[in-house]
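S.K.: What follows is entry33.cif; its format and atoms are mmCIF, N, CA and C atoms and all ligand atoms.
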data_start
#
loop_
_atom_site.label_atom_id
_atom_site.label_comp_id
_atom_site.auth_asym_id
_atom_site.auth_seq_id
_atom_site.Cartn_x
_atom_site.Cartn_y
_atom_site.Cartn_z
N MET A 1 88.02 129.49 104.66
CA MET A 1 87.56 128.78 103.47
C MET A 1 88.02 127.33 103.45
N GLN A 2 89.31 127.15 103.67
CA GLN A 2 89.85 125.81 103.51
C GLN A 2 89.83 125.03 104.81
N GLU A 3 88.99 125.44 105.72
CA GLU A 3 88.98 124.88 107.06
C GLU A 3 89.08 123.38 107.18
N ASN A 4 88.41 122.68 106.25
CA ASN A 4 88.37 121.25 106.48
C ASN A 4 89.26 120.42 105.60
N TYR A 5 90.26 121.05 105.05
CA TYR A 5 91.15 120.21 104.24
C TYR A 5 92.00 119.34 105.16
N THR A 6 92.36 118.18 104.65
CA THR A 6 93.14 117.24 105.46
C THR A 6 94.60 117.63 105.45
N VAL A 7 95.14 117.79 106.64
CA VAL A 7 96.53 118.17 106.77
C VAL A 7 97.38 116.91 106.90
N CYS A 8 96.92 116.00 107.74
CA CYS A 8 97.65 114.77 107.97
C CYS A 8 96.85 113.60 107.39
N LYS A 9 97.36 113.05 106.30
CA LYS A 9 96.63 111.98 105.62
C LYS A 9 96.66 110.69 106.43
N CYS A 10 97.78 110.41 107.09
CA CYS A 10 97.89 109.17 107.86
C CYS A 10 96.81 109.08 108.93
N LYS A 11 96.65 110.17 109.66
CA LYS A 11 95.73 110.14 110.79
C LYS A 11 94.43 110.88 110.50
N LYS A 12 94.25 111.29 109.26
CA LYS A 12 93.04 112.00 108.85
C LYS A 12 92.73 113.20 109.76
N VAL A 13 93.73 114.03 109.94
CA VAL A 13 93.55 115.22 110.78
C VAL A 13 93.39 116.43 109.87
N THR A 14 92.33 117.18 110.12
CA THR A 14 92.04 118.33 109.26
C THR A 14 92.56 119.62 109.89
N TYR A 15 92.52 120.66 109.09
CA TYR A 15 92.90 121.98 109.57
C TYR A 15 92.09 122.35 110.80
N SER A 16 90.77 122.10 110.76
CA SER A 16 89.97 122.51 111.91
C SER A 16 90.24 121.66 113.15
N ASP A 17 90.64 120.41 112.96
CA ASP A 17 91.04 119.61 114.14
C ASP A 17 92.21 120.29 114.84
N ILE A 18 93.17 120.76 114.05
CA ILE A 18 94.35 121.40 114.62
C ILE A 18 93.96 122.74 115.26
N ALA A 19 93.14 123.50 114.56
CA ALA A 19 92.71 124.80 115.09
C ALA A 19 91.94 124.61 116.40
N ASP A 20 91.04 123.62 116.43
CA ASP A 20 90.25 123.36 117.65
C ASP A 20 91.17 122.98 118.80
N ALA A 21 92.11 122.09 118.53
CA ALA A 21 93.03 121.65 119.57
C ALA A 21 93.80 122.85 120.11
N LEU A 22 94.23 123.72 119.23
CA LEU A 22 94.98 124.91 119.67
C LEU A 22 94.12 125.83 120.50
N HIS A 23 92.87 126.01 120.07
CA HIS A 23 92.00 126.94 120.79
C HIS A 23 91.66 126.45 122.19
N LYS A 24 91.79 125.13 122.40
CA LYS A 24 91.48 124.59 123.73
C LYS A 24 92.65 124.74 124.68
N MET A 25 93.80 125.08 124.13
CA MET A 25 94.98 125.19 124.99
C MET A 25 94.97 126.47 125.80
N GLN A 26 95.49 126.36 126.99
CA GLN A 26 95.50 127.50 127.89
C GLN A 26 96.49 128.57 127.45
N LYS A 27 97.69 128.12 127.25
CA LYS A 27 98.68 129.11 126.87
C LYS A 27 99.35 128.71 125.56
N LEU A 28 99.50 129.69 124.70
CA LEU A 28 100.18 129.45 123.45
C LEU A 28 101.43 130.31 123.44
N SER A 29 102.53 129.69 123.79
CA SER A 29 103.73 130.51 123.85
C SER A 29 104.74 130.08 122.80
N ASP A 30 104.87 128.79 122.65
CA ASP A 30 105.93 128.29 121.81
C ASP A 30 105.36 127.35 120.75
N VAL A 31 105.74 127.56 119.52
CA VAL A 31 105.19 126.76 118.43
C VAL A 31 105.49 125.27 118.62
N LEU A 32 106.70 124.96 119.04
CA LEU A 32 107.05 123.55 119.18
C LEU A 32 106.33 122.87 120.35
N ASP A 33 106.14 123.62 121.44
CA ASP A 33 105.34 123.08 122.55
C ASP A 33 103.92 122.83 122.10
N ALA A 34 103.38 123.81 121.40
CA ALA A 34 102.01 123.69 120.91
C ALA A 34 101.91 122.50 119.96
N PHE A 35 102.93 122.31 119.15
CA PHE A 35 102.95 121.19 118.22
C PHE A 35 102.88 119.87 118.98
N GLU A 36 103.65 119.75 120.05
CA GLU A 36 103.61 118.52 120.86
C GLU A 36 102.22 118.27 121.41
N ASP A 37 101.58 119.33 121.89
CA ASP A 37 100.23 119.19 122.44
C ASP A 37 99.22 118.82 121.37
N VAL A 38 99.32 119.50 120.24
CA VAL A 38 98.40 119.21 119.13
C VAL A 38 98.58 117.76 118.68
N LYS A 39 99.80 117.31 118.69
CA LYS A 39 100.10 115.93 118.32
C LYS A 39 99.44 114.96 119.29
N LYS A 40 99.50 115.28 120.58
CA LYS A 40 98.88 114.41 121.58
C LYS A 40 97.37 114.36 121.41
N VAL A 41 96.78 115.52 121.14
CA VAL A 41 95.33 115.59 121.04
C VAL A 41 94.82 114.98 119.74
N THR A 42 95.44 115.33 118.62
CA THR A 42 94.89 114.92 117.32
C THR A 42 95.60 113.72 116.71
N HIS A 43 96.77 113.40 117.20
CA HIS A 43 97.62 112.34 116.65
C HIS A 43 98.16 112.66 115.27
N CYS A 44 98.05 113.92 114.87
CA CYS A 44 98.63 114.28 113.59
C CYS A 44 100.15 114.15 113.69
N SER A 45 100.75 113.89 112.56
CA SER A 45 102.21 113.79 112.49
C SER A 45 102.78 112.63 113.31
N THR A 46 101.96 111.63 113.59
CA THR A 46 102.48 110.46 114.31
C THR A 46 102.59 109.26 113.39
N GLY A 47 102.32 109.46 112.09
CA GLY A 47 102.45 108.36 111.14
C GLY A 47 103.75 108.52 110.37
N CYS A 48 103.64 108.86 109.09
CA CYS A 48 104.83 108.97 108.25
C CYS A 48 105.67 110.20 108.58
N GLY A 49 105.02 111.18 109.20
CA GLY A 49 105.75 112.40 109.56
C GLY A 49 105.82 113.41 108.42
N GLY A 50 105.24 113.05 107.29
CA GLY A 50 105.32 113.91 106.11
C GLY A 50 104.58 115.23 106.25
N CYS A 51 103.67 115.30 107.21
CA CYS A 51 102.89 116.52 107.37
C CYS A 51 103.52 117.46 108.39
N HIS A 52 104.61 117.05 108.98
CA HIS A 52 105.25 117.82 110.06
C HIS A 52 105.35 119.32 109.75
N ASP A 53 105.94 119.65 108.61
CA ASP A 53 106.14 121.06 108.27
C ASP A 53 104.82 121.80 108.09
N LYS A 54 103.86 121.10 107.49
CA LYS A 54 102.54 121.71 107.29
C LYS A 54 101.89 122.03 108.62
N VAL A 55 101.99 121.07 109.56
CA VAL A 55 101.37 121.27 110.88
C VAL A 55 102.04 122.44 111.60
N ILE A 56 103.36 122.47 111.57
CA ILE A 56 104.09 123.57 112.20
C ILE A 56 103.67 124.90 111.60
N ASP A 57 103.55 124.91 110.29
CA ASP A 57 103.18 126.12 109.58
C ASP A 57 101.80 126.62 110.00
N ILE A 58 100.85 125.68 110.09
CA ILE A 58 99.49 126.03 110.48
C ILE A 58 99.48 126.55 111.91
N ILE A 59 100.20 125.86 112.80
CA ILE A 59 100.24 126.29 114.19
C ILE A 59 100.83 127.70 114.30
N SER A 60 101.92 127.95 113.59
CA SER A 60 102.50 129.29 113.70
C SER A 60 101.56 130.34 113.16
N LYS A 61 100.86 130.02 112.07
CA LYS A 61 99.92 131.00 111.52
C LYS A 61 98.80 131.30 112.51
N ILE A 62 98.25 130.24 113.10
CA ILE A 62 97.15 130.44 114.04
C ILE A 62 97.64 131.23 115.25
N MET A 63 98.83 130.89 115.73
CA MET A 63 99.35 131.59 116.91
C MET A 63 99.62 133.06 116.62
N MET A 64 99.91 133.36 115.38
CA MET A 64 100.15 134.76 115.01
C MET A 64 98.86 135.47 114.60
N GLY A 65 97.77 134.71 114.68
CA GLY A 65 96.48 135.31 114.36
C GLY A 65 96.15 135.37 112.89
N HIS A 66 96.82 134.53 112.10
CA HIS A 66 96.53 134.53 110.66
C HIS A 66 95.85 133.23 110.27
N GLU A 67 94.68 133.01 110.78
CA GLU A 67 94.00 131.77 110.47
C GLU A 67 93.46 131.79 109.05
N ASP A 68 93.45 130.63 108.42
CA ASP A 68 92.84 130.50 107.08
C ASP A 68 91.34 130.45 107.25
N LYS A 69 90.71 131.59 107.25
CA LYS A 69 89.26 131.53 107.43
C LYS A 69 88.58 132.25 106.30
S1 LIG B 1 100.61 112.64 106.76
FE1 LIG B 1 100.74 113.10 108.87
S2 LIG B 1 101.92 111.50 109.69
FE2 LIG B 1 101.72 110.96 107.61
#
Would you kindly transcribe this structure into structure tokens?
Ligand code: FES

M.R.:
Amino acid sequence: MQENYTVCKCKKVTYSDIADALHKMQKLSDVLDAFEDVKKVTHCSTGCGGCHDKVIDIISKIMMGHEDK
């Protein structure tokens, strides 16, 4: 439902940008590694850093198979 809400206001990165970036990754083993990759792809959390926890939270949910859909 909330697929397109903006997670990172600085870089205008949405939930689906993060989900897409994650789905393109080969292996999802570690939340923090995935976070680094998502950051490289989407540039989320590279501005004020205020969305850091939200991004981590979304990544862990997706990796555990609990996507907001
Ligand atoms: S809201 Fe994501 S870096 Fe500022």

S.K.: Counting only C-alpha atoms and all ligand atoms, which of A:Met25, A:Met64, A:Cys44, A:Ile59 gets nearest to ligand LIG 1 (chain B)?

M.R.: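 Among the listed residues, the smallest separation from ligand LIG 1 (chain B) belongs to A:Cys44.
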
S.K.: Might you pull out every residue within 12 Å of region 48-56 of chain A, with only C-alpha atoms counted and same-chain residues fewer than 6 positions away left off, and present them as a list of chain:residue names?

M.R.: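 Result of the neighbour search: A:Tyr5, A:Thr6, A:Val7, A:Cys8, A:Lys9, A:Cys10, A:Lys11, A:Lys12, A:Val13, A:Thr14, A:Tyr15, A:Ser16, A:Asp17, A:Ile18, A:Ala19, A:Leu22, A:Asp30, A:Val31, A:Leu32, A:Asp33, A:Ala34, A:Phe35, A:Glu36, A:Asp37, A:Val38, A:Lys39, A:Thr42, A:Ile62, A:Met63.
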
S.K.: What's the separation between CA of Lys24 (chain A) and CA of Thr46 (chain A), in Å to one decimal place?

M.R.: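 Taking CA of Lys24 (chain A) as the start and CA of Thr46 (chain A) as the end point, the length is 20.2 Å.
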
S.K.: Can you measure CA of Lys61 (chain A) to atom N of Val41 (chain A) for me? One decimal in Å is fine.

M.R.: 18.5 Å

S.K.: Calculate, to one decimal in Å, the centre and edge lengths of the box along x, y and z of the file that holds all listed atoms of ligand LIG 1 (chain B) with 4 Å of margin on each side, and present them as lines of an AutoDock Vina configuration file.

M.R.:
center_x = 101.3
center_y = 112.0
center_z = 108.2
size_x = 9.3
size_y = 10.1
size_z = 10.9

S.K.: As a list in words, please: every residue in chain A that DSSP puts in strand (DSSP E).

M.R.: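 Secondary structure check on chain A, strand (DSSP E): Thr6, Val7, Cys8, Val13 and Thr14 of chain A.
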
S.K.: Hey, can you check how far CA of Asn4 (chain A) sits from CA of His23 (chain A)?

M.R.: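 These atoms are spaced 15.8 Å apart.
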
S.K.: Residues of chain A classed as alpha helix (DSSP H) by DSSP on the backbone are to be reported as a PyMOL selection string.

M.R.: chain A and resi 15-23+31-42+52-63
